>>> print(open('query08.pdb').read())   # PDB, C-alpha atoms, pLDDT in the B column
ATOM      1  CA  MET T   1    -172.749  32.341 -27.515  1.00 56.00           C
ATOM      2  CA  ALA T   2    -171.669  32.742 -31.146  1.00 57.00           C
ATOM      3  CA  SER T   3    -173.246  30.650 -33.892  1.00 65.00           C
ATOM      4  CA  SER T   4    -171.360  27.455 -34.661  1.00 68.00           C
ATOM      5  CA  PRO T   5    -169.375  26.977 -37.884  1.00 80.00           C
ATOM      6  CA  ARG T   6    -170.668  24.853 -40.724  1.00 87.00           C
ATOM      7  CA  PRO T   7    -169.934  21.168 -40.104  1.00 93.00           C
ATOM      8  CA  THR T   8    -167.359  19.413 -42.279  1.00 95.00           C
ATOM      9  CA  ARG T   9    -168.230  16.980 -45.059  1.00 94.00           C
ATOM     10  CA  ILE T  10    -166.896  14.124 -42.962  1.00 96.00           C
ATOM     11  CA  GLU T  11    -169.190  15.068 -40.071  1.00 96.00           C
ATOM     12  CA  LEU T  12    -172.190  15.245 -42.419  1.00 96.00           C
ATOM     13  CA  LEU T  13    -171.307  11.869 -43.943  1.00 96.00           C
ATOM     14  CA  LEU T  14    -171.057  10.347 -40.474  1.00 97.00           C
ATOM     15  CA  THR T  15    -174.569  11.553 -39.629  1.00 97.00           C
ATOM     16  CA  TRP T  16    -175.890   9.602 -42.601  1.00 96.00           C
ATOM     17  CA  LEU T  17    -173.899   6.517 -41.658  1.00 97.00           C
ATOM     18  CA  LEU T  18    -175.366   6.824 -38.169  1.00 97.00           C
ATOM     19  CA  PHE T  19    -178.924   7.294 -39.477  1.00 97.00           C
ATOM     20  CA  PRO T  20    -180.097   3.930 -38.005  1.00 97.00           C
ATOM     21  CA  VAL T  21    -178.858   5.114 -34.594  1.00 96.00           C
ATOM     22  CA  TYR T  22    -180.778   8.374 -35.074  1.00 96.00           C
ATOM     23  CA  VAL T  23    -183.978   6.399 -35.756  1.00 96.00           C
ATOM     24  CA  TRP T  24    -183.457   3.942 -32.868  1.00 96.00           C
ATOM     25  CA  GLN T  25    -182.516   6.495 -30.229  1.00 96.00           C
ATOM     26  CA  GLY T  26    -184.965   9.055 -31.546  1.00 95.00           C
ATOM     27  CA  LEU T  27    -187.903   6.687 -31.133  1.00 95.00           C
ATOM     28  CA  ALA T  28    -186.763   5.828 -27.603  1.00 95.00           C
ATOM     29  CA  VAL T  29    -186.524   9.526 -26.667  1.00 94.00           C
ATOM     30  CA  ARG T  30    -189.937  10.184 -28.145  1.00 91.00           C
ATOM     31  CA  ARG T  31    -191.492   7.365 -26.102  1.00 92.00           C
ATOM     32  CA  LYS T  32    -190.104   8.506 -22.766  1.00 90.00           C
ATOM     33  CA  THR T  33    -190.281  12.293 -23.203  1.00 88.00           C
ATOM     34  CA  PRO T  34    -193.512  13.865 -21.897  1.00 86.00           C
ATOM     35  CA  ARG T  35    -195.580  15.581 -24.572  1.00 88.00           C
ATOM     36  CA  MET T  36    -196.039  19.197 -23.527  1.00 92.00           C
ATOM     37  CA  GLN T  37    -198.849  21.354 -24.875  1.00 93.00           C
ATOM     38  CA  PRO T  38    -198.696  25.113 -25.487  1.00 93.00           C
ATOM     39  CA  PRO T  39    -200.310  27.267 -22.804  1.00 94.00           C
ATOM     40  CA  PRO T  40    -203.692  28.815 -23.673  1.00 93.00           C
ATOM     41  CA  ASN T  41    -203.514  32.267 -25.224  1.00 90.00           C
ATOM     42  CA  LYS T  42    -205.784  34.610 -27.116  1.00 90.00           C
ATOM     43  CA  GLY T  43    -203.237  35.195 -29.893  1.00 91.00           C
ATOM     44  CA  HIS T  44    -202.571  38.874 -29.239  1.00 93.00           C
ATOM     45  CA  PHE T  45    -201.586  41.177 -26.371  1.00 96.00           C
ATOM     46  CA  ASP T  46    -201.213  44.930 -25.913  1.00 96.00           C
ATOM     47  CA  PHE T  47    -198.827  46.845 -23.654  1.00 96.00           C
ATOM     48  CA  SER T  48    -199.559  50.521 -23.082  1.00 94.00           C
ATOM     49  CA  GLY T  49    -197.109  53.394 -23.394  1.00 93.00           C
ATOM     50  CA  GLY T  50    -196.515  56.754 -25.040  1.00 92.00           C
ATOM     51  CA  GLY T  51    -195.750  57.543 -28.660  1.00 91.00           C
ATOM     52  CA  GLU T  52    -196.145  55.465 -31.801  1.00 92.00           C
ATOM     53  CA  LYS T  53    -197.187  51.851 -31.320  1.00 95.00           C
ATOM     54  CA  LEU T  54    -194.734  49.072 -32.173  1.00 97.00           C
ATOM     55  CA  LYS T  55    -196.397  46.044 -33.766  1.00 97.00           C
ATOM     56  CA  LEU T  56    -194.799  42.605 -33.521  1.00 98.00           C
ATOM     57  CA  LEU T  57    -195.547  39.223 -35.030  1.00 98.00           C
ATOM     58  CA  VAL T  58    -194.092  36.200 -33.242  1.00 98.00           C
ATOM     59  CA  ILE T  59    -194.383  33.238 -35.582  1.00 98.00           C
ATOM     60  CA  GLY T  60    -192.960  29.751 -35.768  1.00 97.00           C
ATOM     61  CA  ASP T  61    -192.822  26.455 -33.928  1.00 97.00           C
ATOM     62  CA  SER T  62    -193.416  25.423 -30.318  1.00 96.00           C
ATOM     63  CA  SER T  63    -191.022  28.084 -29.021  1.00 96.00           C
ATOM     64  CA  ALA T  64    -193.307  30.742 -30.496  1.00 96.00           C
ATOM     65  CA  ALA T  65    -196.335  28.960 -29.039  1.00 96.00           C
ATOM     66  CA  GLY T  66    -194.793  28.854 -25.548  1.00 96.00           C
ATOM     67  CA  VAL T  67    -194.421  25.104 -25.110  1.00 97.00           C
ATOM     68  CA  GLY T  68    -192.431  24.407 -21.955  1.00 96.00           C
ATOM     69  CA  VAL T  69    -194.229  26.787 -19.584  1.00 97.00           C
ATOM     70  CA  ASP T  70    -197.632  26.699 -17.901  1.00 95.00           C
ATOM     71  CA  ASN T  71    -198.786  30.248 -18.646  1.00 96.00           C
ATOM     72  CA  ILE T  72    -198.441  32.377 -21.760  1.00 96.00           C
ATOM     73  CA  GLU T  73    -197.079  35.217 -19.585  1.00 96.00           C
ATOM     74  CA  GLN T  74    -193.983  33.048 -18.997  1.00 97.00           C
ATOM     75  CA  SER T  75    -193.378  32.518 -22.716  1.00 97.00           C
ATOM     76  CA  PHE T  76    -191.027  34.154 -25.200  1.00 97.00           C
ATOM     77  CA  ALA T  77    -193.924  35.599 -27.219  1.00 97.00           C
ATOM     78  CA  TYR T  78    -195.301  37.471 -24.196  1.00 97.00           C
ATOM     79  CA  GLN T  79    -192.022  38.460 -22.566  1.00 97.00           C
ATOM     80  CA  LEU T  80    -190.506  39.873 -25.780  1.00 97.00           C
ATOM     81  CA  PRO T  81    -193.077  42.701 -26.196  1.00 97.00           C
ATOM     82  CA  GLN T  82    -193.115  43.201 -22.436  1.00 97.00           C
ATOM     83  CA  PHE T  83    -189.357  43.812 -22.352  1.00 97.00           C
ATOM     84  CA  LEU T  84    -189.569  45.980 -25.481  1.00 97.00           C
ATOM     85  CA  ASN T  85    -192.339  48.035 -23.898  1.00 97.00           C
ATOM     86  CA  LYS T  86    -190.155  48.642 -20.841  1.00 96.00           C
ATOM     87  CA  ALA T  87    -187.099  49.489 -22.936  1.00 95.00           C
ATOM     88  CA  THR T  88    -188.795  51.944 -25.311  1.00 94.00           C
ATOM     89  CA  LYS T  89    -191.678  53.219 -23.120  1.00 95.00           C
ATOM     90  CA  ARG T  90    -193.822  52.902 -26.239  1.00 96.00           C
ATOM     91  CA  PRO T  91    -197.046  50.935 -26.673  1.00 97.00           C
ATOM     92  CA  VAL T  92    -196.388  47.471 -28.067  1.00 97.00           C
ATOM     93  CA  GLN T  93    -198.830  45.081 -29.677  1.00 97.00           C
ATOM     94  CA  VAL T  94    -197.981  41.440 -30.384  1.00 97.00           C
ATOM     95  CA  ARG T  95    -199.692  38.851 -32.559  1.00 97.00           C
ATOM     96  CA  ILE T  96    -198.732  35.249 -31.733  1.00 97.00           C
ATOM     97  CA  ALA T  97    -198.806  32.560 -34.417  1.00 97.00           C
ATOM     98  CA  GLY T  98    -196.916  29.626 -32.933  1.00 94.00           C
ATOM     99  CA  MET T  99    -197.637  26.033 -33.915  1.00 95.00           C
ATOM    100  CA  ASN T 100    -196.366  23.030 -31.976  1.00 94.00           C
ATOM    101  CA  SER T 101    -194.079  20.689 -33.993  1.00 93.00           C
ATOM    102  CA  ALA T 102    -194.200  22.914 -37.097  1.00 97.00           C
ATOM    103  CA  VAL T 103    -191.490  22.880 -39.755  1.00 98.00           C
ATOM    104  CA  SER T 104    -190.667  25.700 -42.163  1.00 98.00           C
ATOM    105  CA  ALA T 105    -192.899  24.469 -44.980  1.00 98.00           C
ATOM    106  CA  GLN T 106    -195.928  24.181 -42.686  1.00 98.00           C
ATOM    107  CA  ILE T 107    -195.519  27.734 -41.412  1.00 98.00           C
ATOM    108  CA  ARG T 108    -195.139  28.913 -45.014  1.00 98.00           C
ATOM    109  CA  ASP T 109    -198.155  27.023 -46.366  1.00 97.00           C
ATOM    110  CA  TYR T 110    -200.660  26.956 -43.506  1.00 97.00           C
ATOM    111  CA  VAL T 111    -199.855  29.771 -41.094  1.00 97.00           C
ATOM    112  CA  VAL T 112    -198.593  32.783 -43.071  1.00 97.00           C
ATOM    113  CA  PRO T 113    -201.549  32.802 -45.526  1.00 96.00           C
ATOM    114  CA  ASN T 114    -204.023  32.767 -42.618  1.00 95.00           C
ATOM    115  CA  ILE T 115    -202.605  35.691 -40.660  1.00 95.00           C
ATOM    116  CA  GLU T 116    -204.704  38.791 -41.130  1.00 92.00           C
ATOM    117  CA  HIS T 117    -203.139  41.238 -43.563  1.00 90.00           C
ATOM    118  CA  GLN T 118    -201.883  44.130 -41.436  1.00 92.00           C
ATOM    119  CA  HIS T 119    -198.784  46.186 -40.724  1.00 95.00           C
ATOM    120  CA  PHE T 120    -196.041  44.749 -38.527  1.00 97.00           C
ATOM    121  CA  ASP T 121    -192.848  46.578 -37.612  1.00 97.00           C
ATOM    122  CA  TYR T 122    -190.986  43.414 -36.653  1.00 98.00           C
ATOM    123  CA  ILE T 123    -191.422  39.698 -37.212  1.00 98.00           C
ATOM    124  CA  ALA T 124    -189.710  37.356 -34.756  1.00 98.00           C
ATOM    125  CA  LEU T 125    -189.321  34.095 -36.660  1.00 98.00           C
ATOM    126  CA  ASN T 126    -188.616  31.013 -34.530  1.00 97.00           C
ATOM    127  CA  ILE T 127    -188.214  27.994 -36.794  1.00 98.00           C
ATOM    128  CA  GLY T 128    -185.718  25.268 -37.641  1.00 97.00           C
ATOM    129  CA  ILE T 129    -185.528  22.905 -34.663  1.00 97.00           C
ATOM    130  CA  ASN T 130    -188.176  20.571 -36.079  1.00 97.00           C
ATOM    131  CA  ASP T 131    -186.598  20.703 -39.541  1.00 98.00           C
ATOM    132  CA  THR T 132    -183.428  19.503 -37.818  1.00 98.00           C
ATOM    133  CA  LYS T 133    -185.179  16.924 -35.638  1.00 96.00           C
ATOM    134  CA  ASN T 134    -186.901  15.490 -38.729  1.00 97.00           C
ATOM    135  CA  PHE T 135    -183.508  15.105 -40.451  1.00 97.00           C
ATOM    136  CA  HIS T 136    -184.300  17.471 -43.309  1.00 97.00           C
ATOM    137  CA  ARG T 137    -181.516  17.707 -45.858  1.00 96.00           C
ATOM    138  CA  GLY T 138    -179.650  20.963 -46.290  1.00 95.00           C
ATOM    139  CA  ASN T 139    -181.139  21.614 -49.729  1.00 96.00           C
ATOM    140  CA  GLN T 140    -184.652  20.826 -48.486  1.00 97.00           C
ATOM    141  CA  PHE T 141    -184.281  23.324 -45.655  1.00 98.00           C
ATOM    142  CA  CYS T 142    -182.912  25.948 -48.046  1.00 97.00           C
ATOM    143  CA  ARG T 143    -185.995  25.519 -50.229  1.00 98.00           C
ATOM    144  CA  ASP T 144    -188.518  25.486 -47.388  1.00 98.00           C
ATOM    145  CA  PHE T 145    -186.957  28.178 -45.204  1.00 98.00           C
ATOM    146  CA  GLY T 146    -186.018  30.346 -48.181  1.00 97.00           C
ATOM    147  CA  THR T 147    -189.551  30.333 -49.549  1.00 98.00           C
ATOM    148  CA  LEU T 148    -190.901  31.006 -46.038  1.00 98.00           C
ATOM    149  CA  LEU T 149    -188.826  34.191 -45.998  1.00 98.00           C
ATOM    150  CA  TYR T 150    -190.260  35.105 -49.410  1.00 97.00           C
ATOM    151  CA  ALA T 151    -193.807  34.455 -48.165  1.00 97.00           C
ATOM    152  CA  LEU T 152    -193.323  36.671 -45.098  1.00 98.00           C
ATOM    153  CA  ARG T 153    -191.675  39.425 -47.134  1.00 96.00           C
ATOM    154  CA  SER T 154    -194.467  39.334 -49.715  1.00 96.00           C
ATOM    155  CA  ARG T 155    -197.282  39.453 -47.159  1.00 96.00           C
ATOM    156  CA  PHE T 156    -195.656  41.927 -44.772  1.00 97.00           C
ATOM    157  CA  PRO T 157    -193.290  44.005 -46.947  1.00 96.00           C
ATOM    158  CA  ALA T 158    -192.612  46.732 -44.370  1.00 95.00           C
ATOM    159  CA  ALA T 159    -191.666  44.396 -41.523  1.00 97.00           C
ATOM    160  CA  VAL T 160    -188.139  43.705 -40.322  1.00 98.00           C
ATOM    161  CA  ILE T 161    -187.784  39.910 -40.169  1.00 98.00           C
ATOM    162  CA  ILE T 162    -185.533  38.611 -37.386  1.00 98.00           C
ATOM    163  CA  TRP T 163    -184.710  34.904 -37.380  1.00 98.00           C
ATOM    164  CA  SER T 164    -183.705  33.323 -34.083  1.00 95.00           C
ATOM    165  CA  GLY T 165    -181.399  30.748 -35.666  1.00 96.00           C
ATOM    166  CA  ILE T 166    -181.222  27.108 -34.591  1.00 96.00           C
ATOM    167  CA  LEU T 167    -179.926  25.986 -31.223  1.00 95.00           C
ATOM    168  CA  ASP T 168    -176.962  23.607 -31.400  1.00 96.00           C
ATOM    169  CA  MET T 169    -178.861  20.428 -30.545  1.00 96.00           C
ATOM    170  CA  GLN T 170    -175.764  18.813 -29.124  1.00 96.00           C
ATOM    171  CA  THR T 171    -176.501  20.902 -26.013  1.00 95.00           C
ATOM    172  CA  VAL T 172    -180.096  19.642 -25.517  1.00 96.00           C
ATOM    173  CA  PRO T 173    -180.330  17.670 -22.224  1.00 95.00           C
ATOM    174  CA  ALA T 174    -183.093  15.318 -23.418  1.00 95.00           C
ATOM    175  CA  LEU T 175    -180.889  13.843 -26.167  1.00 97.00           C
ATOM    176  CA  PRO T 176    -178.552  10.934 -25.319  1.00 96.00           C
ATOM    177  CA  SER T 177    -175.211  10.356 -27.008  1.00 97.00           C
ATOM    178  CA  PRO T 178    -174.594   9.904 -29.916  1.00 97.00           C
ATOM    179  CA  LEU T 179    -178.046  11.230 -30.924  1.00 97.00           C
ATOM    180  CA  ASN T 180    -177.139  14.645 -29.524  1.00 97.00           C
ATOM    181  CA  TRP T 181    -173.977  14.692 -31.658  1.00 98.00           C
ATOM    182  CA  ILE T 182    -175.859  13.619 -34.809  1.00 98.00           C
ATOM    183  CA  LEU T 183    -178.532  16.293 -34.392  1.00 98.00           C
ATOM    184  CA  GLY T 184    -175.893  18.798 -33.313  1.00 97.00           C
ATOM    185  CA  VAL T 185    -174.176  18.414 -36.672  1.00 98.00           C
ATOM    186  CA  ARG T 186    -177.498  18.623 -38.542  1.00 97.00           C
ATOM    187  CA  SER T 187    -178.548  21.736 -36.564  1.00 97.00           C
ATOM    188  CA  ARG T 188    -175.253  23.481 -37.312  1.00 97.00           C
ATOM    189  CA  LEU T 189    -175.696  22.757 -41.027  1.00 97.00           C
ATOM    190  CA  LEU T 190    -179.221  24.185 -41.159  1.00 97.00           C
ATOM    191  CA  ASP T 191    -178.280  27.166 -39.001  1.00 97.00           C
ATOM    192  CA  HIS T 192    -175.402  27.961 -41.366  1.00 96.00           C
ATOM    193  CA  ASN T 193    -177.645  27.657 -44.434  1.00 97.00           C
ATOM    194  CA  GLY T 194    -180.388  29.734 -42.809  1.00 97.00           C
ATOM    195  CA  ARG T 195    -178.029  32.602 -42.007  1.00 97.00           C
ATOM    196  CA  ILE T 196    -176.864  32.723 -45.623  1.00 96.00           C
ATOM    197  CA  LEU T 197    -180.483  32.854 -46.800  1.00 97.00           C
ATOM    198  CA  CYS T 198    -181.277  35.650 -44.345  1.00 97.00           C
ATOM    199  CA  ARG T 199    -178.417  37.742 -45.730  1.00 96.00           C
ATOM    200  CA  GLU T 200    -179.534  37.074 -49.291  1.00 96.00           C
ATOM    201  CA  ARG T 201    -183.241  37.736 -48.689  1.00 95.00           C
ATOM    202  CA  GLY T 202    -183.223  40.763 -46.442  1.00 94.00           C
ATOM    203  CA  ALA T 203    -183.791  39.196 -43.035  1.00 97.00           C
ATOM    204  CA  LEU T 204    -181.709  39.652 -39.903  1.00 98.00           C
ATOM    205  CA  ALA T 205    -180.100  36.790 -37.988  1.00 97.00           C
ATOM    206  CA  PRO T 206    -178.278  38.196 -34.949  1.00 95.00           C
ATOM    207  CA  GLU T 207    -175.715  36.049 -33.166  1.00 88.00           C
ATOM    208  CA  PRO T 208    -177.409  34.024 -30.416  1.00 84.00           C
ATOM    209  CA  GLU T 209    -176.814  35.009 -26.813  1.00 82.00           C
ATOM    210  CA  TRP T 210    -179.001  32.327 -25.230  1.00 86.00           C
ATOM    211  CA  GLN T 211    -177.059  30.045 -22.899  1.00 88.00           C
ATOM    212  CA  PRO T 212    -177.877  26.298 -22.939  1.00 90.00           C
ATOM    213  CA  LEU T 213    -177.777  26.019 -19.141  1.00 93.00           C
ATOM    214  CA  PRO T 214    -179.854  23.355 -17.334  1.00 92.00           C
ATOM    215  CA  GLU T 215    -182.147  25.976 -15.783  1.00 96.00           C
ATOM    216  CA  ASN T 216    -182.962  27.351 -19.235  1.00 96.00           C
ATOM    217  CA  PHE T 217    -184.629  24.069 -20.245  1.00 96.00           C
ATOM    218  CA  SER T 218    -188.094  22.933 -19.216  1.00 96.00           C
ATOM    219  CA  THR T 219    -188.861  19.686 -17.389  1.00 94.00           C
ATOM    220  CA  ASP T 220    -188.845  17.740 -20.665  1.00 94.00           C
ATOM    221  CA  GLY T 221    -185.211  18.702 -21.264  1.00 94.00           C
ATOM    222  CA  PHE T 222    -186.067  19.925 -24.757  1.00 95.00           C
ATOM    223  CA  HIS T 223    -188.126  23.105 -24.684  1.00 96.00           C
ATOM    224  CA  ALA T 224    -187.169  26.328 -22.950  1.00 96.00           C
ATOM    225  CA  SER T 225    -188.191  27.055 -19.369  1.00 97.00           C
ATOM    226  CA  GLU T 226    -189.540  30.367 -18.108  1.00 97.00           C
ATOM    227  CA  ALA T 227    -185.945  31.414 -17.353  1.00 97.00           C
ATOM    228  CA  GLY T 228    -184.833  30.351 -20.830  1.00 96.00           C
ATOM    229  CA  TYR T 229    -187.622  32.257 -22.546  1.00 97.00           C
ATOM    230  CA  CYS T 230    -186.893  35.272 -20.345  1.00 97.00           C
ATOM    231  CA  GLU T 231    -183.216  35.345 -21.313  1.00 96.00           C
ATOM    232  CA  TRP T 232    -184.059  34.877 -24.996  1.00 96.00           C
ATOM    233  CA  ALA T 233    -186.752  37.572 -24.971  1.00 97.00           C
ATOM    234  CA  GLU T 234    -184.641  40.069 -23.040  1.00 96.00           C
ATOM    235  CA  ASN T 235    -181.710  39.686 -25.444  1.00 96.00           C
ATOM    236  CA  LEU T 236    -183.877  40.063 -28.540  1.00 97.00           C
ATOM    237  CA  SER T 237    -185.773  43.034 -27.099  1.00 96.00           C
ATOM    238  CA  ALA T 238    -182.450  44.823 -26.536  1.00 96.00           C
ATOM    239  CA  TYR T 239    -181.536  44.112 -30.160  1.00 96.00           C
ATOM    240  CA  VAL T 240    -184.864  45.497 -31.435  1.00 96.00           C
ATOM    241  CA  ALA T 241    -184.641  48.514 -29.128  1.00 95.00           C
ATOM    242  CA  GLU T 242    -181.224  49.310 -30.584  1.00 94.00           C
ATOM    243  CA  LEU T 243    -182.654  49.059 -34.117  1.00 94.00           C
ATOM    244  CA  GLU T 244    -185.360  51.537 -33.084  1.00 92.00           C
ATOM    245  CA  SER T 245    -182.740  53.823 -31.555  1.00 88.00           C
ATOM    246  CA  GLN T 246    -180.749  53.754 -34.795  1.00 87.00           C
ATOM    247  CA  LYS T 247    -183.881  54.687 -36.744  1.00 82.00           C
ATOM    248  CA  THR T 248    -184.450  57.645 -34.413  1.00 74.00           C
ATOM    249  CA  ARG T 249    -180.845  58.831 -34.807  1.00 73.00           C
ATOM    250  CA  ARG T 250    -181.051  58.568 -38.583  1.00 75.00           C
ATOM    251  CA  GLY T 251    -184.254  60.595 -38.539  1.00 68.00           C
ATOM    252  CA  LYS T 252    -182.610  63.542 -36.753  1.00 49.00           C
TER     253      LYS T 252
END
>>> encode(input="query08.pdb", output="structure tokens")
Amino acid sequence: MASSPRPTRIELLLTWLLFPVYVWQGLAVRRKTPRMQPPPNKGHFDFSGGGEKLKLLVIGDSSAAGVGVDNIEQSFAYQLPQFLNKATKRPVQVRIAGMNSAVSAQIRDYVVPNIEHQHFDYIALNIGINDTKNFHRGNQFCRDFGTLLYALRSRFPAAVIIWSGILDMQTVPALPSPLNWILGVRSRLLDHNGRILCRERGALAPEPEWQPLPENFSTDGFHASEAGYCEWAENLSAYVAELESQKTRRGK
């Protein structure tokens, strides 16, 4: 699934005209949607193998924390290093720093400064859905997400930062119409802006391959299910494994 194009000015204007609908329907969805908590986890996991260890940081919102599944082993943050371990046969260590309901500025200000200063080879950054859901303006997201990239680059200068992008929220089952259309437009705007910032600030933003199928959503119709996290993690692990393969070929 390729990333969606930037919405038109007319579409963006319509989202503002429909802002009262966003508030009204959004409050109704919030009342009836079950509040899911992240599964317990110790914040880090190790997978054994041969050769040099790969170190990952999975950081971001509820998708990094594993909201939507019962056990951390079913989550994106656990399955990503597991798939990468299988693909490379190398030992993989992951540090998980996922915070439920977090937006870009909160990860920048309260999470990044409190992660122990160490070497990471890759940073999987999952952020942007809550910025969209909270109706952040395009320029606000550019400021918050852009400075988050700076904060990560400053603290972990050797790491390759990979941003997951923002799911087109028009495809989210929990959202009724026209709320899904409104947030779909807003998500496409922020996704477009985020990809530009990644190119400008040395982060990677591969095209999404995750399919918004019913089975890929959890029981709340908003977060990913075990199957959804599995598909996401498997696709990203293949991308990282190819980056590692390219590094090996360049080294020969």
>>> closest_atom_pairs(input="query08.pdb", of="range 12-65 of chain T", to="range 237-246 of chain T", cutoff="12 Å", atoms="all atoms listed in the file", output="Markdown table")
| residue | atom | partner | partner_atom | distance |
| --- | --- | --- | --- | --- |
| T:Glu52 | CA | T:Glu244 | CA | 11.5 |
| T:Lys53 | CA | T:Glu244 | CA | 12.0 |
| T:Leu54 | CA | T:Glu244 | CA | 9.7 |
| T:Lys55 | CA | T:Val240 | CA | 11.8 |
| T:Leu56 | CA | T:Val240 | CA | 10.6 |
>>> closest_residue(input="query08.pdb", among="T:Gln140, T:Asn193, T:Ser48, T:Ser62", to="Pro91 in chain T", atoms="only C-alpha atoms")
T:Ser48
>>> closest_residue(input="query08.pdb", among="T:Leu183, T:Ala105, T:Thr248, T:Ala233", to="Val23 in chain T", atoms="only C-alpha atoms")
T:Leu183
>>> resolve_selection(input="query08.pdb", expression="the PyMOL selection byres ((chain T and resi 224) around 12)", output="MDAnalysis selection string")
chainID T and resid 36 38 62:70 74:76 167 172:174 210:223 225:233
>>> residues_around(input="query08.pdb", residues="range 96-104 of chain T", least_positions_apart="6", cutoff="8 Å", atoms="all atoms listed in the file", output="PyMOL selection string")
chain T and resi 37-38+43-44+57-67+77+111+115+127-131+141+144-145+148
>>> resolve_selection(input="query08.pdb", expression="the PyMOL selection byres ((chain T and resi 49) around 12)", output="list in words")
Asp46, Phe47, Ser48, Gly50, Gly51, Glu52, Lys53, Leu54, Pro81, Gln82, Leu84, Asn85, Lys86, Ala87, Thr88, Lys89, Arg90, Pro91, Val92 and Gln93 of chain T
>>> closest_residue(input="query08.pdb", among="T:Gly138, T:Pro176, T:Gly146, T:Pro113", to="Val29 in chain T", atoms="only C-alpha atoms")
T:Pro176
>>> atom_distance(input="query08.pdb", atom1="CA of Ile162 in chain T", atom2="CA of Leu149 in chain T")
10.2 Å
>>> atom_distance(input="query08.pdb", atom1="CA of Gly184 in chain T", atom2="CA of Asp168 in chain T")
5.3 Å
>>> closest_residue(input="query08.pdb", among="T:Leu179, T:Leu125, T:Ala158, T:Val112", to="Phe19 in chain T", atoms="only C-alpha atoms")
T:Leu179
>>> atom_distance(input="query08.pdb", atom1="CA of Ile182 in chain T", atom2="CA of Ala203 in chain T")
28.0 Å
>>> axis_aligned_box(input="query08.pdb", around="range 137-145 of chain T", padding_each_side="6 Å", output="JSON")
{"center_x": -184.1, "center_y": 22.9, "center_z": -47.7, "size_x": 20.9, "size_y": 22.5, "size_z": 17.0}
>>> resolve_selection(input="query08.pdb", expression="the PyMOL selection byres ((chain T and resi 186) around 10)", output="list in words")
Arg6, Pro7, Glu11, Leu12, Thr15, Ile129, Asp131, Thr132, Lys133, Asn134, Phe135, His136, Arg137, Gly138, Asp168, Met169, Gln170, Asn180, Trp181, Ile182, Leu183, Gly184, Val185, Ser187, Arg188, Leu189, Leu190, Asp191 and His192 of chain T
>>> closest_residue(input="query08.pdb", among="T:Cys198, T:Leu236, T:Leu175, T:Val94", to="Ala28 in chain T", atoms="all atoms listed in the file")
T:Leu175
>>> residues_around(input="query08.pdb", residues="Tyr122 in chain T", least_positions_apart="3", cutoff="6 Å", atoms="all atoms listed in the file", output="ChimeraX atom specification")
/T:56,159-161
>>> write_last_selection(input="query08.pdb", atoms="C-alpha atoms", output="compact mmCIF listing (two decimals), in the coordinates of the input")
# COMPACT_ATOMS: atom_id res chain seq x y z
CA LEU T 56 -194.80 42.60 -33.52
CA ALA T 159 -191.67 44.40 -41.52
CA VAL T 160 -188.14 43.70 -40.32
CA ILE T 161 -187.78 39.91 -40.17
>>> build_atoms(input="query08.pdb", residues="range 194-205 of chain T", atoms="N, CA and C atoms", output="PDB file, keeping the file's coordinate frame")
ATOM      1  N   GLY T 194    -179.362  28.736 -43.080  1.00 97.00           N
ATOM      2  CA  GLY T 194    -180.388  29.734 -42.809  1.00 97.00           C
ATOM      3  C   GLY T 194    -179.827  31.137 -42.720  1.00 97.00           C
ATOM      4  N   ARG T 195    -178.645  31.276 -42.134  1.00 97.00           N
ATOM      5  CA  ARG T 195    -178.029  32.602 -42.007  1.00 97.00           C
ATOM      6  C   ARG T 195    -177.629  33.153 -43.378  1.00 97.00           C
ATOM      7  N   ILE T 196    -177.173  32.289 -44.262  1.00 96.00           N
ATOM      8  CA  ILE T 196    -176.864  32.723 -45.623  1.00 96.00           C
ATOM      9  C   ILE T 196    -178.133  33.216 -46.318  1.00 96.00           C
ATOM     10  N   LEU T 197    -179.222  32.465 -46.166  1.00 97.00           N
ATOM     11  CA  LEU T 197    -180.483  32.854 -46.800  1.00 97.00           C
ATOM     12  C   LEU T 197    -181.004  34.174 -46.236  1.00 97.00           C
ATOM     13  N   CYS T 198    -180.842  34.380 -44.936  1.00 97.00           N
ATOM     14  CA  CYS T 198    -181.277  35.650 -44.345  1.00 97.00           C
ATOM     15  C   CYS T 198    -180.516  36.821 -44.961  1.00 97.00           C
ATOM     16  N   ARG T 199    -179.216  36.671 -45.113  1.00 96.00           N
ATOM     17  CA  ARG T 199    -178.417  37.742 -45.730  1.00 96.00           C
ATOM     18  C   ARG T 199    -178.859  37.991 -47.160  1.00 96.00           C
ATOM     19  N   GLU T 200    -179.152  36.936 -47.883  1.00 96.00           N
ATOM     20  CA  GLU T 200    -179.534  37.074 -49.291  1.00 96.00           C
ATOM     21  C   GLU T 200    -180.938  37.639 -49.467  1.00 96.00           C
ATOM     22  N   ARG T 201    -181.819  37.414 -48.500  1.00 95.00           N
ATOM     23  CA  ARG T 201    -183.241  37.736 -48.689  1.00 95.00           C
ATOM     24  C   ARG T 201    -183.756  38.796 -47.730  1.00 95.00           C
ATOM     25  N   GLY T 202    -182.836  39.573 -47.179  1.00 94.00           N
ATOM     26  CA  GLY T 202    -183.223  40.763 -46.442  1.00 94.00           C
ATOM     27  C   GLY T 202    -183.757  40.543 -45.057  1.00 94.00           C
ATOM     28  N   ALA T 203    -183.403  39.432 -44.427  1.00 97.00           N
ATOM     29  CA  ALA T 203    -183.791  39.196 -43.035  1.00 97.00           C
ATOM     30  C   ALA T 203    -182.561  39.329 -42.147  1.00 97.00           C
ATOM     31  N   LEU T 204    -182.796  39.535 -40.862  1.00 98.00           N
ATOM     32  CA  LEU T 204    -181.709  39.652 -39.903  1.00 98.00           C
ATOM     33  C   LEU T 204    -181.585  38.358 -39.097  1.00 98.00           C
ATOM     34  N   ALA T 205    -180.350  37.988 -38.793  1.00 97.00           N
ATOM     35  CA  ALA T 205    -180.100  36.790 -37.988  1.00 97.00           C
ATOM     36  C   ALA T 205    -178.990  37.105 -36.996  1.00 97.00           C
TER      37      ALA T 205
END
